[in-house]
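Inspection log for the structure reproduced underneath, given as C-alpha cells.
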Amino acid sequence: MAVGNSLVNSNGNEEMKLSVYLQNDAVKRQINQVVGGKNGTRFISSIVSAVQSNPDLQKCSSPSIVNAALLGEALNLSPSPQLGQFYMVPFDSKKKKCKEAQFQLGYKGYIQLASRSGYYKHLNAMVIKEGELVRYDPLNEEIEVNLIEDDAIREQTPAIGYYAMFEYENGFRKIMYWSKRKMLAHAEKYSFAFSKNGGGSSLELLEQGKIPEDELWKYSSFWFKDFDNMALKTMLRQLISKWGIMSIDLQTAIHKDMAVIRENGEPDYIDNEKAGMEEQNDIVSEQEIKDVPEERMQPPANEQTAAEEAFFGGLI
C-alpha cells in the first residue's frame with residue numbers, strides 16, 4: 001500500500017515522522033491485516049485528515065495514532081469529529097515521556113455499536129435542561145419531562161441532568177437519570193485531567209468565559225471541552241454495561257475506551273490510574289469476551305428473566 005507525499009507538508013516534523021512510520025513494511029502489514037485492499041488509501045487519508053486538523057495530535061507518537069485509528073477501523077467507526085463516533089485524543093504520557101493519542105469512544109459510537117447488534121428497538125440519551133424535569137422516580141424507573149419546544153432557546157438553557165434509555169425488541173426497557181451534580185462527581189473521580197484542574201468549579205468558569213486565554217491549555221480534557229457529550233457517553237456506558245446486551249465489538253470498545261492502544265492491541269490507561277478500573281466489574285476482559293458462549297448473546301426470552309440474562313452471567 002503506497003503512502004503518498006501528502007503526509008509530508010509544512011505543518012512540521014511530527015507529520016513527517018508519521019509519514020516515515022507509515023512507510024515501514026511492518027506497519028503496512030499491520031494496516032493491511034485490519035483494513036486490506038483499496039480501503040488502505042481511505043484509512044491513511046482519515047489519519048492524515050485527523051492529524052492535520054489537530055496541532056496537538058501532530059505532537060503524538062506515530063504508533064499511538066495508528067493503533068487508535070486501527071481500533072476504530074476494526075470496529076467500523078469513523079474518526080470524523082463531525083460524526084462523533086470515536087476520537088484520537090492527545091495526552092501527556094508520564095510512562096513514555098511524550099504525547100500519545102488515546103482512543104476515546106464517542107456517545108454516538110456507543111449508539112452505533114449497540115444498534116448494530118440487532119437487540120435494541122430503541123436506544124437514546126439526552127441532556128435534560130433547566131426547568132424540563134417534572135419528576136423522576138428511580139424506584140419504578142419513571143421520568144416525566146416537559147421539553148422546551150424552541151430549539152434555539154433550549155440550546156442556550158443550562159443542563160441540570162442526563163437521561164438514557166433502551167428498549168429491547170421483546171419490550172424489556174431500562175432507563176437511567178443522573179443529576180449534573182452526580183455527573184460532576186463522577187468526572188472528578190475518574191478523570192485526573194479534570195480533577196487536577198479544578199473540576200466543576202473550573203468548568204463553570206469556562207462556561208462563563210472567565211478563564212484567561214493563556215490558561216486555556218490546561219483544560220484540554222474532553223470533560224472540559226464537551227462536558228455534555230462526555231456525560232451522555234457515561235450514561236450509555238453505565239446503562240448498557242450494567243443492563244444491556246453487548247456485542248463483542250461493544251465489549252471490546254468499552255474495554256479499550258479512554259486508553260492508549262499498544263502495538264500488541266492491549267489498552268494502556270494514561271489519564272488516570274482509576275480510569276481503566278471504572279466499573280471494572282461491569283467490563284469483561286479480552287479472554288472473557290472470547291469465551292462468551294453464542295447462546296448467551298441471544299435476547300432474553302421473557303421479561304421475568306430479562307435483567308438477569310442481560311448481565312451475561314457476571315457483568316454485575
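Convention: chains lettered A, B, ... in C-alpha cells order; per-chain residue numbering from 1; ligands numbered from 1 as shown.
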Could you tell me, as JSON, numbers by chain, which residues of region 78-307 of chain A DSSP assigns to alpha helix (DSSP H) when given the backbone? {"A": [107, 108, 109, 110, 111, 112, 113, 114, 115, 116, 151, 152, 153, 154, 155, 156, 180, 181, 182, 183, 184, 185, 186, 187, 188, 189, 190, 192, 193, 194, 195, 196, 199, 200, 201, 202, 203, 204, 205, 206, 207, 222, 223, 224, 225, 227, 228, 229, 230, 231, 232, 233, 234, 235, 236, 237, 238, 239, 240, 241, 242, 243, 248, 249, 250, 251, 252, 253, 254, 255, 256, 286, 287, 288, 289, 290, 291, 303, 304, 305, 306, 307]}
So that I can check the surroundings of Tyr107 (chain A), please list as number ranges by chain every protein, DNA and RNA residue that reaches within 7 Å of it, counting only C-alpha atoms and ignoring chain neighbours fewer than 5 positions away. A: 85, 229, 232-233
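Nearest to Gln102 (chain A) of all the residues A:Gly244, A:Gly84, A:Gly36, A:Pro267 is A:Pro267, counting only C-alpha atoms.
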At a cut-off of 9 Å, using only C-alpha atoms, what residues contact region 141-153 of chain A? Leave out same-chain residues fewer than 2 positions from it and give the result as a PyMOL selection string. chain A and resi 128-129+131-139+155-157+174-177
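Here the residues within region 140-235 of chain A that DSSP labels strand (DSSP E) on the basis of the backbone are Glu142, Ile143, Glu144, Val145, Ala159, Ile160, Gly161, Tyr162, Tyr163, Ala164, Met165, Phe166, Glu167, Tyr168, Arg173, Lys174, Ile175, Met176, Tyr177, Trp178 and Ser179 of chain A.
With only C-alpha atoms as the atoms that count, the minimum distance from Pro63 (chain A) to the choices A:Gln33, A:Ser45, A:Gln208, A:Asn24 is reached by A:Asn24.
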Contacts of Phe222 (chain A) at 10 Å or less, counting only C-alpha atoms, minus same-chain residues fewer than 5 places along, as an NGL selection string? :A and (89 or 104 or 191 or 193-194 or 227-230)
Those same residues - N, CA, C and O atoms - I'd like them written as a compact mmCIF listing (two decimals), in the first residue's frame.
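As a result, result.txt now contains:
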# COMPACT_ATOMS: atom_id res chain seq x y z
N VAL A 89 -7.38 11.30 20.95
CA VAL A 89 -7.21 12.44 21.83
C VAL A 89 -5.78 12.52 22.38
O VAL A 89 -5.29 11.55 22.97
N GLN A 104 -10.75 7.30 22.26
CA GLN A 104 -11.94 7.63 23.05
C GLN A 104 -13.18 7.38 22.20
O GLN A 104 -13.34 7.94 21.11
N SER A 191 -11.44 11.15 36.12
CA SER A 191 -10.54 11.86 35.19
C SER A 191 -9.57 12.71 35.98
O SER A 191 -9.94 13.73 36.57
N ALA A 193 -7.20 14.53 34.67
CA ALA A 193 -7.07 15.81 33.97
C ALA A 193 -8.17 16.78 34.37
O ALA A 193 -7.96 17.99 34.41
N PHE A 194 -9.36 16.27 34.66
CA PHE A 194 -10.48 17.12 35.06
C PHE A 194 -10.33 17.56 36.51
O PHE A 194 -10.46 18.74 36.83
N PHE A 227 -18.45 18.75 27.99
CA PHE A 227 -18.93 18.04 29.17
C PHE A 227 -20.22 17.26 28.87
O PHE A 227 -20.36 16.10 29.27
N ASP A 228 -21.17 17.88 28.16
CA ASP A 228 -22.45 17.23 27.93
C ASP A 228 -22.31 15.95 27.12
O ASP A 228 -22.95 14.93 27.43
N ASN A 229 -21.47 15.96 26.08
CA ASN A 229 -21.28 14.74 25.28
C ASN A 229 -20.57 13.66 26.08
O ASN A 229 -20.88 12.46 25.94
N MET A 230 -19.62 14.05 26.92
CA MET A 230 -18.97 13.06 27.79
C MET A 230 -19.98 12.50 28.79
O MET A 230 -19.93 11.31 29.13
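The two atoms in question, CA of Leu239 (chain A) and CA of Leu184 (chain A), are spaced 17.5 Å apart.
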